[in-house]
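K.L.:
Here you go, this is run39.pdb (PDB, C-alpha atoms and all ligand atoms).
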ATOM      1  CA  MET A   1     -21.554  -7.334 -13.426  1.00  0.00           C
ATOM      2  CA  LYS A   2     -18.962  -7.674 -10.654  1.00  0.00           C
ATOM      3  CA  ASN A   3     -19.093  -5.472  -7.548  1.00  0.00           C
ATOM      4  CA  LYS A   4     -16.425  -2.795  -7.542  1.00  0.00           C
ATOM      5  CA  ILE A   5     -13.971  -2.677  -4.682  1.00  0.00           C
ATOM      6  CA  LEU A   6     -11.591   0.188  -3.973  1.00  0.00           C
ATOM      7  CA  LEU A   7      -8.093  -1.222  -3.589  1.00  0.00           C
ATOM      8  CA  ASN A   8      -5.528   0.725  -1.623  1.00  0.00           C
ATOM      9  CA  VAL A   9      -2.256  -0.049  -3.399  1.00  0.00           C
ATOM     10  CA  CYS A  10       1.083   0.329  -1.628  1.00  0.00           C
ATOM     11  CA  CYS A  11       3.076  -0.573  -4.763  1.00  0.00           C
ATOM     12  CA  ALA A  12       2.477  -2.142  -8.168  1.00  0.00           C
ATOM     13  CA  PRO A  13       4.293  -5.444  -7.381  1.00  0.00           C
ATOM     14  CA  ASP A  14       1.999  -6.032  -4.388  1.00  0.00           C
ATOM     15  CA  ALA A  15      -1.044  -5.171  -6.502  1.00  0.00           C
ATOM     16  CA  THR A  16      -0.345  -7.901  -9.090  1.00  0.00           C
ATOM     17  CA  HIS A  17      -1.554 -10.947  -7.196  1.00  0.00           C
ATOM     18  CA  THR A  18      -4.046  -8.907  -5.137  1.00  0.00           C
ATOM     19  CA  ILE A  19      -5.899  -7.822  -8.275  1.00  0.00           C
ATOM     20  CA  ASN A  20      -6.135 -11.469  -9.382  1.00  0.00           C
ATOM     21  CA  ALA A  21      -7.253 -12.639  -5.930  1.00  0.00           C
ATOM     22  CA  LEU A  22     -10.006 -10.046  -5.749  1.00  0.00           C
ATOM     23  CA  ARG A  23     -11.203 -10.894  -9.237  1.00  0.00           C
ATOM     24  CA  GLU A  24     -11.299 -14.561  -8.260  1.00  0.00           C
ATOM     25  CA  ALA A  25     -13.361 -13.561  -5.208  1.00  0.00           C
ATOM     26  CA  GLY A  26     -15.908 -11.923  -7.510  1.00  0.00           C
ATOM     27  CA  TYR A  27     -14.869  -8.264  -7.277  1.00  0.00           C
ATOM     28  CA  GLU A  28     -13.625  -5.787  -9.831  1.00  0.00           C
ATOM     29  CA  PRO A  29     -10.851  -3.711  -8.186  1.00  0.00           C
ATOM     30  CA  VAL A  30     -10.385   0.005  -8.731  1.00  0.00           C
ATOM     31  CA  THR A  31      -6.859   0.898  -7.662  1.00  0.00           C
ATOM     32  CA  PHE A  32      -6.021   3.844  -5.416  1.00  0.00           C
ATOM     33  CA  PHE A  33      -2.333   4.572  -4.900  1.00  0.00           C
ATOM     34  CA  TYR A  34      -2.354   6.696  -1.747  1.00  0.00           C
ATOM     35  CA  ASN A  35       1.118   6.617  -0.198  1.00  0.00           C
ATOM     36  CA  PRO A  36       2.329   9.940   1.210  1.00  0.00           C
ATOM     37  CA  ASN A  37       4.827   7.897   3.230  1.00  0.00           C
ATOM     38  CA  ILE A  38       7.048   7.296   0.202  1.00  0.00           C
ATOM     39  CA  HIS A  39      10.294   9.198   0.118  1.00  0.00           C
ATOM     40  CA  PRO A  40      12.068  10.720  -1.754  1.00  0.00           C
ATOM     41  CA  ARG A  41       9.845  12.327  -4.354  1.00  0.00           C
ATOM     42  CA  ASP A  42      11.525  10.555  -7.307  1.00  0.00           C
ATOM     43  CA  GLU A  43      10.832   7.209  -5.683  1.00  0.00           C
ATOM     44  CA  TYR A  44       7.191   8.181  -5.165  1.00  0.00           C
ATOM     45  CA  PHE A  45       6.663   9.048  -8.831  1.00  0.00           C
ATOM     46  CA  LYS A  46       8.545   5.955  -9.970  1.00  0.00           C
ATOM     47  CA  ARG A  47       6.040   3.832  -8.023  1.00  0.00           C
ATOM     48  CA  VAL A  48       3.101   5.906  -9.304  1.00  0.00           C
ATOM     49  CA  GLU A  49       4.218   5.323 -12.903  1.00  0.00           C
ATOM     50  CA  ASP A  50       4.574   1.593 -12.351  1.00  0.00           C
ATOM     51  CA  MET A  51       1.056   1.433 -10.971  1.00  0.00           C
ATOM     52  CA  LYS A  52      -0.217   3.189 -14.103  1.00  0.00           C
ATOM     53  CA  LYS A  53       1.623   0.650 -16.250  1.00  0.00           C
ATOM     54  CA  LEU A  54       0.204  -2.302 -14.316  1.00  0.00           C
ATOM     55  CA  ALA A  55      -3.316  -0.837 -14.439  1.00  0.00           C
ATOM     56  CA  LYS A  56      -3.055  -0.601 -18.211  1.00  0.00           C
ATOM     57  CA  GLU A  57      -1.735  -4.139 -18.582  1.00  0.00           C
ATOM     58  CA  THR A  58      -4.356  -5.657 -16.286  1.00  0.00           C
ATOM     59  CA  ALA A  59      -7.225  -3.452 -17.536  1.00  0.00           C
ATOM     60  CA  VAL A  60      -7.902  -2.092 -14.077  1.00  0.00           C
ATOM     61  CA  GLU A  61      -9.460   1.300 -13.432  1.00  0.00           C
ATOM     62  CA  ASN A  62      -6.790   3.343 -11.637  1.00  0.00           C
ATOM     63  CA  ILE A  63      -7.562   6.562  -9.788  1.00  0.00           C
ATOM     64  CA  THR A  64      -4.921   9.112 -10.703  1.00  0.00           C
ATOM     65  CA  ASP A  65      -5.991  12.321  -8.925  1.00  0.00           C
ATOM     66  CA  VAL A  66      -4.353  11.271  -5.665  1.00  0.00           C
ATOM     67  CA  PRO A  67      -2.701  13.789  -3.327  1.00  0.00           C
ATOM     68  CA  TYR A  68       0.874  13.332  -2.156  1.00  0.00           C
ATOM     69  CA  ASP A  69       0.271  14.479   1.463  1.00  0.00           C
ATOM     70  CA  ILE A  70       3.931  14.284   2.473  1.00  0.00           C
ATOM     71  CA  GLU A  71       3.782  17.163   4.979  1.00  0.00           C
ATOM     72  CA  GLU A  72       0.759  15.673   6.698  1.00  0.00           C
ATOM     73  CA  TRP A  73       2.535  12.306   6.855  1.00  0.00           C
ATOM     74  CA  PHE A  74       5.692  13.814   8.390  1.00  0.00           C
ATOM     75  CA  ALA A  75       3.626  15.776  10.922  1.00  0.00           C
ATOM     76  CA  LEU A  76       2.190  12.473  12.157  1.00  0.00           C
ATOM     77  CA  CYS A  77       5.280  10.293  11.844  1.00  0.00           C
ATOM     78  CA  ARG A  78       8.277  12.528  12.564  1.00  0.00           C
ATOM     79  CA  PRO A  79       7.718  12.224  16.352  1.00  0.00           C
ATOM     80  CA  LEU A  80       8.047   8.451  15.846  1.00  0.00           C
ATOM     81  CA  ALA A  81      11.203   8.639  13.728  1.00  0.00           C
ATOM     82  CA  LYS A  82      13.177   6.397  16.072  1.00  0.00           C
ATOM     83  CA  GLU A  83      10.596   3.619  16.056  1.00  0.00           C
ATOM     84  CA  PRO A  84      11.714   0.408  14.337  1.00  0.00           C
ATOM     85  CA  GLU A  85       9.884  -0.986  11.328  1.00  0.00           C
ATOM     86  CA  ARG A  86       6.695  -2.766  12.562  1.00  0.00           C
ATOM     87  CA  GLY A  87       6.618  -0.352  15.522  1.00  0.00           C
ATOM     88  CA  ARG A  88       4.238   2.488  16.433  1.00  0.00           C
ATOM     89  CA  ARG A  89       5.176   4.627  13.423  1.00  0.00           C
ATOM     90  CA  CYS A  90       3.908   1.932  11.071  1.00  0.00           C
ATOM     91  CA  GLU A  91       0.568   1.847  12.864  1.00  0.00           C
ATOM     92  CA  VAL A  92       0.162   5.599  12.351  1.00  0.00           C
ATOM     93  CA  CYS A  93       1.249   5.256   8.721  1.00  0.00           C
ATOM     94  CA  PHE A  94      -1.204   2.403   8.023  1.00  0.00           C
ATOM     95  CA  ARG A  95      -4.025   4.257   9.751  1.00  0.00           C
ATOM     96  CA  MET A  96      -3.527   7.342   7.606  1.00  0.00           C
ATOM     97  CA  ARG A  97      -3.695   5.269   4.414  1.00  0.00           C
ATOM     98  CA  MET A  98      -6.666   3.171   5.559  1.00  0.00           C
ATOM     99  CA  TYR A  99      -8.666   6.232   6.591  1.00  0.00           C
ATOM    100  CA  LYS A 100      -8.003   8.022   3.315  1.00  0.00           C
ATOM    101  CA  THR A 101      -9.037   4.948   1.334  1.00  0.00           C
ATOM    102  CA  ALA A 102     -12.257   4.514   3.323  1.00  0.00           C
ATOM    103  CA  GLN A 103     -13.004   8.208   2.820  1.00  0.00           C
ATOM    104  CA  LYS A 104     -12.375   7.878  -0.921  1.00  0.00           C
ATOM    105  CA  ALA A 105     -14.638   4.823  -1.134  1.00  0.00           C
ATOM    106  CA  LYS A 106     -17.410   6.819   0.538  1.00  0.00           C
ATOM    107  CA  GLU A 107     -16.833   9.779  -1.783  1.00  0.00           C
ATOM    108  CA  LEU A 108     -17.027   7.522  -4.854  1.00  0.00           C
ATOM    109  CA  GLY A 109     -20.140   5.726  -3.594  1.00  0.00           C
ATOM    110  CA  MET A 110     -18.257   2.432  -3.379  1.00  0.00           C
ATOM    111  CA  GLU A 111     -19.432   0.086  -0.649  1.00  0.00           C
ATOM    112  CA  ILE A 112     -16.205  -1.720   0.115  1.00  0.00           C
ATOM    113  CA  PHE A 113     -12.432  -1.312   0.119  1.00  0.00           C
ATOM    114  CA  ALA A 114      -9.355  -3.529   0.532  1.00  0.00           C
ATOM    115  CA  THR A 115      -5.610  -3.087   0.776  1.00  0.00           C
ATOM    116  CA  THR A 116      -2.577  -4.735  -0.806  1.00  0.00           C
ATOM    117  CA  LEU A 117      -0.671  -4.293   2.473  1.00  0.00           C
ATOM    118  CA  THR A 118      -1.610  -7.757   3.764  1.00  0.00           C
ATOM    119  CA  ILE A 119       0.420  -9.439   1.011  1.00  0.00           C
ATOM    120  CA  SER A 120       3.680  -8.458   2.692  1.00  0.00           C
ATOM    121  CA  PRO A 121       5.323 -11.041   4.961  1.00  0.00           C
ATOM    122  CA  HIS A 122       7.036  -8.104   6.728  1.00  0.00           C
ATOM    123  CA  LYS A 123       3.850  -6.396   7.887  1.00  0.00           C
ATOM    124  CA  ASP A 124       1.440  -7.106  10.713  1.00  0.00           C
ATOM    125  CA  THR A 125      -1.693  -8.477   9.025  1.00  0.00           C
ATOM    126  CA  ALA A 126      -3.849  -8.424  12.180  1.00  0.00           C
ATOM    127  CA  LEU A 127      -3.002  -4.762  12.771  1.00  0.00           C
ATOM    128  CA  ILE A 128      -3.744  -3.803   9.166  1.00  0.00           C
ATOM    129  CA  ASN A 129      -7.107  -5.571   9.270  1.00  0.00           C
ATOM    130  CA  ARG A 130      -7.988  -3.953  12.595  1.00  0.00           C
ATOM    131  CA  LEU A 131      -7.212  -0.498  11.176  1.00  0.00           C
ATOM    132  CA  GLY A 132      -9.133  -1.269   7.995  1.00  0.00           C
ATOM    133  CA  LYS A 133     -12.224  -2.128  10.030  1.00  0.00           C
ATOM    134  CA  GLU A 134     -11.765   0.965  12.187  1.00  0.00           C
ATOM    135  CA  ALA A 135     -11.594   3.166   9.066  1.00  0.00           C
ATOM    136  CA  ALA A 136     -14.614   1.441   7.516  1.00  0.00           C
ATOM    137  CA  GLU A 137     -16.678   2.082  10.611  1.00  0.00           C
ATOM    138  CA  LYS A 138     -15.714   5.740  10.674  1.00  0.00           C
ATOM    139  CA  TYR A 139     -16.770   6.327   7.076  1.00  0.00           C
ATOM    140  CA  GLY A 140     -19.760   3.970   6.923  1.00  0.00           C
ATOM    141  CA  VAL A 141     -18.316   1.578   4.321  1.00  0.00           C
ATOM    142  CA  LYS A 142     -17.156  -2.042   4.473  1.00  0.00           C
ATOM    143  CA  TYR A 143     -13.643  -3.385   4.724  1.00  0.00           C
ATOM    144  CA  TYR A 144     -12.530  -6.552   2.926  1.00  0.00           C
ATOM    145  CA  GLU A 145     -10.560  -8.469   5.536  1.00  0.00           C
ATOM    146  CA  SER A 146      -7.626 -10.226   3.891  1.00  0.00           C
ATOM    147  CA  ASN A 147      -4.379 -12.064   4.128  1.00  0.00           C
ATOM    148  CA  PHE A 148      -3.197 -11.964   0.523  1.00  0.00           C
ATOM    149  CA  LYS A 149       0.121 -13.613   1.348  1.00  0.00           C
ATOM    150  CA  LYS A 150      -1.750 -16.882   1.985  1.00  0.00           C
ATOM    151  CA  GLN A 151      -1.483 -19.726  -0.555  1.00  0.00           C
ATOM    152  CA  ASP A 152       1.840 -18.420  -1.827  1.00  0.00           C
ATOM    153  CA  GLY A 153       0.337 -15.009  -2.565  1.00  0.00           C
ATOM    154  CA  PHE A 154       3.608 -13.196  -1.950  1.00  0.00           C
ATOM    155  CA  LYS A 155       5.599 -15.620  -4.120  1.00  0.00           C
ATOM    156  CA  LYS A 156       3.022 -15.264  -6.893  1.00  0.00           C
ATOM    157  CA  SER A 157       3.401 -11.478  -6.726  1.00  0.00           C
ATOM    158  CA  ILE A 158       7.153 -11.824  -7.313  1.00  0.00           C
ATOM    159  CA  VAL A 159       6.599 -13.959 -10.409  1.00  0.00           C
ATOM    160  CA  LEU A 160       3.909 -11.617 -11.755  1.00  0.00           C
ATOM    161  CA  SER A 161       6.072  -8.543 -11.113  1.00  0.00           C
ATOM    162  CA  LYS A 162       8.771 -10.065 -13.303  1.00  0.00           C
ATOM    163  CA  GLU A 163       6.245 -10.862 -16.024  1.00  0.00           C
ATOM    164  CA  HIS A 164       5.043  -7.250 -15.996  1.00  0.00           C
ATOM    165  CA  ASP A 165       8.634  -5.983 -15.741  1.00  0.00           C
ATOM    166  CA  LEU A 166       7.846  -3.903 -12.653  1.00  0.00           C
ATOM    167  CA  TYR A 167      10.311  -2.057 -10.491  1.00  0.00           C
ATOM    168  CA  ARG A 168      10.631  -3.779  -7.109  1.00  0.00           C
ATOM    169  CA  GLN A 169      11.886  -1.486  -4.323  1.00  0.00           C
ATOM    170  CA  ASP A 170      14.074  -2.828  -1.537  1.00  0.00           C
ATOM    171  CA  TYR A 171      12.730  -0.693   1.305  1.00  0.00           C
ATOM    172  CA  CYS A 172       9.232  -0.126   2.650  1.00  0.00           C
ATOM    173  CA  GLY A 173       8.837   3.501   1.577  1.00  0.00           C
ATOM    174  CA  CYS A 174       9.484   6.194   4.168  1.00  0.00           C
ATOM    175  CA  SER A 175      12.772   8.041   4.739  1.00  0.00           C
ATOM    176  CA  TYR A 176      13.275   6.135   8.009  1.00  0.00           C
ATOM    177  CA  SER A 177      12.942   2.745   6.344  1.00  0.00           C
ATOM    178  CA  LEU A 178      15.291   3.917   3.585  1.00  0.00           C
ATOM    179  CA  LEU A 179      17.879   4.903   6.183  1.00  0.00           C
ATOM    180  CA  GLU A 180      17.498   1.554   7.890  1.00  0.00           C
ATOM    181  CA  ARG A 181      18.005  -0.247   4.573  1.00  0.00           C
ATOM    182  CA  LEU A 182      21.134   1.781   3.764  1.00  0.00           C
ATOM    183  CA  LYS A 183      22.570   0.978   7.198  1.00  0.00           C
ATOM    184  CA  GLN A 184      21.926  -2.740   6.629  1.00  0.00           C
ATOM    185  CA  LYS A 185      23.624  -2.609   3.225  1.00  0.00           C
ATOM    186  CA  ARG A 186      26.637  -0.823   4.694  1.00  0.00           C
ATOM    187  CA  GLY A 187      26.787  -3.428   7.470  1.00  0.00           C
ATOM    188  CA  ASN A 188      26.694  -6.252   4.950  1.00  0.00           C
ATOM    189  CA  CYS A 189      29.478  -4.956   2.762  1.00  0.00           C
ATOM    190  CA  CYS A 190      32.079  -4.043   5.412  1.00  0.00           C
TER
HETATM  191  S1  LIG B 201       8.344   1.497   7.540  1.00  0.00           S
HETATM  192 FE1  LIG B 201       6.731   1.402   5.983  1.00  0.00          FE
HETATM  193  S2  LIG B 201       4.802   1.151   7.101  1.00  0.00           S
HETATM  194 FE2  LIG B 201       6.377   1.810   8.551  1.00  0.00          FE
HETATM  195  S3  LIG B 201       6.195   4.039   8.631  1.00  0.00           S
HETATM  196 FE3  LIG B 201       7.730   3.584   7.084  1.00  0.00          FE
HETATM  197  S4  LIG B 201       6.610   3.471   5.163  1.00  0.00           S
HETATM  198 FE4  LIG B 201       5.101   3.348   6.793  1.00  0.00          FE
END
As structure tokens - that is how I would like this structure written.
P.N.:
Amino acid sequence: MKNKILLNVCCAPDATHTINALREAGYEPVTFFYNPNIHPRDEYFKRVEDMKKLAKETAVENITDVPYDIEEWFALCRPLAKEPERGRRCEVCFRMRMYKTAQKAKELGMEIFATTLTISPHKDTALINRLGKEAAEKYGVKYYESNFKKQDGFKKSIVLSKEHDLYRQDYCGCSYSLLERLKQKRGNCC
């Protein structure tokens, strides 16, 4: 029997290839969609539903009793509202999600956890891995260091997302990244 690994999922499209990669590495992922950063609420539940769909289609165990700690997230990140994407706000946001996943792994008696976040070419892989290790140490579990974008991982996730007919968002998740995206779109069309 394969070892279970708790997989922090930022969105279903990013989970597609990550699930395959972890299975190839000898693990059986259990997905954990903990993303209080996502705004607005409709967007959050849209992504939750897509994760449920993907879990069903890939026969993955998906944890569904996950809190939407939006107030806690804003309390930490509102002071960093003006930070650009990849700035200090993202570090705080990643840390919150890594810590919660490590805590959940401990609670479930799972030895190890991973995250889909390292599949994104827009995110700082070294930072994510550092925070994952920090969270693992705090909760006495292990962290699976990764760079899922390697060997065309990101491209593969795009193909798989189409095959599973998943919704693919065009902004990272928080209200600040949404605003940034809208500004870019406005800039492009005028
Ligand atoms: S841009 Fe993405 S990673 Fe950064 S704070 Fe917003 S949701 Fe979190």
K.L.:
So the first atom is atom CA of A:Asn8 and the second is atom CA of A:Pro29; what is the distance between them in Å, to one decimal place?
P.N.:
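One can read the atom CA of A:Asn8 to atom CA of A:Pro29 distance as 9.5 Å.
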K.L.:
Under the rule of at most 7 Å, produce a per-residue listing of chain A near ligand LIG 201 (chain B): chain, number, name, the closest pair of atoms, and the distance in Å, as a tab-separated table, using only C-alpha atoms and all ligand atoms.
P.N.:
residue	atom	partner	partner_atom	distance
A:Asn37	CA	B:LIG201	S4	5.1
A:Ile38	CA	B:LIG201	S4	6.3
A:Glu85	CA	B:LIG201	S1	4.8
A:Arg86	CA	B:LIG201	FE2	6.1
A:Arg89	CA	B:LIG201	S3	4.9
A:Cys90	CA	B:LIG201	FE2	3.5
A:Cys93	CA	B:LIG201	FE4	4.7
A:Phe94	CA	B:LIG201	S2	6.2
A:Cys172	CA	B:LIG201	FE1	4.4
A:Gly173	CA	B:LIG201	S4	4.2
A:Cys174	CA	B:LIG201	S4	4.1
A:Tyr176	CA	B:LIG201	FE3	6.2
A:Ser177	CA	B:LIG201	S1	4.9
K.L.:
Go ahead and dump the residues you just picked, C-alpha atoms, as a PDB file, in the frame of the given file.
P.N.:
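Full text of out38.pdb as output:
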ATOM      1  CA  ASN A  37       4.827   7.897   3.230  1.00  0.00           C
ATOM      2  CA  ILE A  38       7.048   7.296   0.202  1.00  0.00           C
ATOM      3  CA  GLU A  85       9.884  -0.986  11.328  1.00  0.00           C
ATOM      4  CA  ARG A  86       6.695  -2.766  12.562  1.00  0.00           C
ATOM      5  CA  ARG A  89       5.176   4.627  13.423  1.00  0.00           C
ATOM      6  CA  CYS A  90       3.908   1.932  11.071  1.00  0.00           C
ATOM      7  CA  CYS A  93       1.249   5.256   8.721  1.00  0.00           C
ATOM      8  CA  PHE A  94      -1.204   2.403   8.023  1.00  0.00           C
ATOM      9  CA  CYS A 172       9.232  -0.126   2.650  1.00  0.00           C
ATOM     10  CA  GLY A 173       8.837   3.501   1.577  1.00  0.00           C
ATOM     11  CA  CYS A 174       9.484   6.194   4.168  1.00  0.00           C
ATOM     12  CA  TYR A 176      13.275   6.135   8.009  1.00  0.00           C
ATOM     13  CA  SER A 177      12.942   2.745   6.344  1.00  0.00           C
TER      14      SER A 177
END
K.L.:
Residues within 9 Å of A:Thr31, please, as a list in words. Count all atoms listed in the file; anything in the same chain fewer than 4 positions from it doesn't count.
P.N.:
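Listing them by chain and then by number gives Ile5, Leu6, Leu7, Asn8, Val9, Ala15, Ile19, Met51, Ala55, Val60, Glu61, Asn62, Ile63 and Thr64 of chain A.
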K.L.:
Just give me the gap between atom CA of A:Arg47 and atom CA of A:Leu22 in Å, one decimal is fine.
P.N.:
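Separation of atom CA of A:Arg47 and atom CA of A:Leu22: 21.3 Å.
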K.L.:
Using atom CA of A:Gly140 and atom CA of A:Met110 as the two end points, give the distance in Å to one decimal.
P.N.:
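Here the two named atoms are 10.5 Å from each other.
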K.L.:
Could you tell me, as a PyMOL selection string, exactly which residues end up selected when the PyMOL selection byres (((chain A and resi 143-152) around 8) and not hetatm) is applied to this structure?
P.N.:
chain A and resi 17-18+21+112-114+116+118-121+125+129+132-133+136+141-142+153-156
K.L.:
For the residues selected in the previous step, produce a file with C-alpha atoms as an mmCIF file, in the coordinates of the input.
P.N.:
data_model
loop_
_atom_site.group_PDB
_atom_site.id
_atom_site.type_symbol
_atom_site.label_atom_id
_atom_site.label_comp_id
_atom_site.auth_asym_id
_atom_site.auth_seq_id
_atom_site.Cartn_x
_atom_site.Cartn_y
_atom_site.Cartn_z
ATOM 1 C CA HIS A 17 -1.554 -10.947 -7.196
ATOM 2 C CA THR A 18 -4.046 -8.907 -5.137
ATOM 3 C CA ALA A 21 -7.253 -12.639 -5.930
ATOM 4 C CA ILE A 112 -16.205 -1.720 0.115
ATOM 5 C CA PHE A 113 -12.432 -1.312 0.119
ATOM 6 C CA ALA A 114 -9.355 -3.529 0.532
ATOM 7 C CA THR A 116 -2.577 -4.735 -0.806
ATOM 8 C CA THR A 118 -1.610 -7.757 3.764
ATOM 9 C CA ILE A 119 0.420 -9.439 1.011
ATOM 10 C CA SER A 120 3.680 -8.458 2.692
ATOM 11 C CA PRO A 121 5.323 -11.041 4.961
ATOM 12 C CA THR A 125 -1.693 -8.477 9.025
ATOM 13 C CA ASN A 129 -7.107 -5.571 9.270
ATOM 14 C CA GLY A 132 -9.133 -1.269 7.995
ATOM 15 C CA LYS A 133 -12.224 -2.128 10.030
ATOM 16 C CA ALA A 136 -14.614 1.441 7.516
ATOM 17 C CA VAL A 141 -18.316 1.578 4.321
ATOM 18 C CA LYS A 142 -17.156 -2.042 4.473
ATOM 19 C CA GLY A 153 0.337 -15.009 -2.565
ATOM 20 C CA PHE A 154 3.608 -13.196 -1.950
ATOM 21 C CA LYS A 155 5.599 -15.620 -4.120
ATOM 22 C CA LYS A 156 3.022 -15.264 -6.893
#
K.L.:
For a cut-off of 7 Å around (-18.2, -4.2, -6.2), file coordinates, pick out all residues using all atoms listed in the file and list them as a count of residues only.
P.N.:
6
K.L.:
Just say which residues the PyMOL selection byres (((chain A and resi 69) around 12) and not hetatm) picks in this file, as a VMD selection string.
P.N.:
chain A and resid 34 to 39 41 44 66 to 68 70 to 76 93 96 to 97 100
K.L.:
Near A:Glu134, within 10 Å and counting all atoms listed in the file, which residues show up once chain neighbours fewer than 4 positions away are dropped, as a CSV table (one decimal) with C-alpha atoms, in the frame of the given file?
P.N.:
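File written: part.csv
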chain,number,residue,atom,x,y,z
A,95,ARG,CA,-4.0,4.3,9.8
A,98,MET,CA,-6.7,3.2,5.6
A,99,TYR,CA,-8.7,6.2,6.6
A,102,ALA,CA,-12.3,4.5,3.3
A,128,ILE,CA,-3.7,-3.8,9.2
A,129,ASN,CA,-7.1,-5.6,9.3
A,130,ARG,CA,-8.0,-4.0,12.6
A,138,LYS,CA,-15.7,5.7,10.7
A,139,TYR,CA,-16.8,6.3,7.1
A,142,LYS,CA,-17.2,-2.0,4.5
A,143,TYR,CA,-13.6,-3.4,4.7
K.L.:
As AutoDock Vina command-line options, please report the centre and edge lengths, rounded to one decimal in Å, of the axis-aligned box that holds all listed atoms of stretch 165-169 of chain A with 5 Å of padding on each of the six sides.
P.N.:
--center_x 9.9 --center_y -3.7 --center_z -10.0 --size_x 14.0 --size_y 14.5 --size_z 21.4
K.L.:
Please determine, counting all atoms listed in the file, which residue among A:Glu24, A:Asp124, A:Asp42, A:Glu57 has the shortest atom-to-atom distance to A:His164.
P.N.:
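Closest to A:His164, using all atoms listed in the file: A:Glu57.
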K.L.:
For A:Ser161, which of A:Leu54, A:Ala135, A:Val92, A:Leu182 is the closest residue, counting only C-alpha atoms?
P.N.:
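Closest residue, counting only C-alpha atoms: A:Leu54.
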K.L.:
Exactly which residues make up the result of the PyMOL selection byres (((chain A and resi 167) around 10) and not hetatm) on this file, given as a list in words?
P.N.:
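Matching residues under the PyMOL selection byres (((chain A and resi 167) around 10) and not hetatm) are Cys11, Ala12, Pro13, Lys46, Arg47, Glu49, Asp50, Met51, Ser161, Lys162, His164, Asp165, Leu166, Arg168, Gln169 and Asp170 of chain A.
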K.L.:
Write the residues of the preceding selection, restricted to C-alpha atoms, as a PDB file, keeping the file's coordinate frame.
P.N.:
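What landed in selection-v5.pdb:
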ATOM      1  CA  CYS A  11       3.076  -0.573  -4.763  1.00  0.00           C
ATOM      2  CA  ALA A  12       2.477  -2.142  -8.168  1.00  0.00           C
ATOM      3  CA  PRO A  13       4.293  -5.444  -7.381  1.00  0.00           C
ATOM      4  CA  LYS A  46       8.545   5.955  -9.970  1.00  0.00           C
ATOM      5  CA  ARG A  47       6.040   3.832  -8.023  1.00  0.00           C
ATOM      6  CA  GLU A  49       4.218   5.323 -12.903  1.00  0.00           C
ATOM      7  CA  ASP A  50       4.574   1.593 -12.351  1.00  0.00           C
ATOM      8  CA  MET A  51       1.056   1.433 -10.971  1.00  0.00           C
ATOM      9  CA  SER A 161       6.072  -8.543 -11.113  1.00  0.00           C
ATOM     10  CA  LYS A 162       8.771 -10.065 -13.303  1.00  0.00           C
ATOM     11  CA  HIS A 164       5.043  -7.250 -15.996  1.00  0.00           C
ATOM     12  CA  ASP A 165       8.634  -5.983 -15.741  1.00  0.00           C
ATOM     13  CA  LEU A 166       7.846  -3.903 -12.653  1.00  0.00           C
ATOM     14  CA  ARG A 168      10.631  -3.779  -7.109  1.00  0.00           C
ATOM     15  CA  GLN A 169      11.886  -1.486  -4.323  1.00  0.00           C
ATOM     16  CA  ASP A 170      14.074  -2.828  -1.537  1.00  0.00           C
TER      17      ASP A 170
END
K.L.:
Considering only C-alpha atoms, state which residue in the set A:Gln184, A:Val159, A:Thr16, A:Gly87 is at the smallest distance from A:Tyr171.
P.N.:
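Nearest candidate to A:Tyr171 out of A:Gln184, A:Val159, A:Thr16, A:Gly87: A:Gln184.
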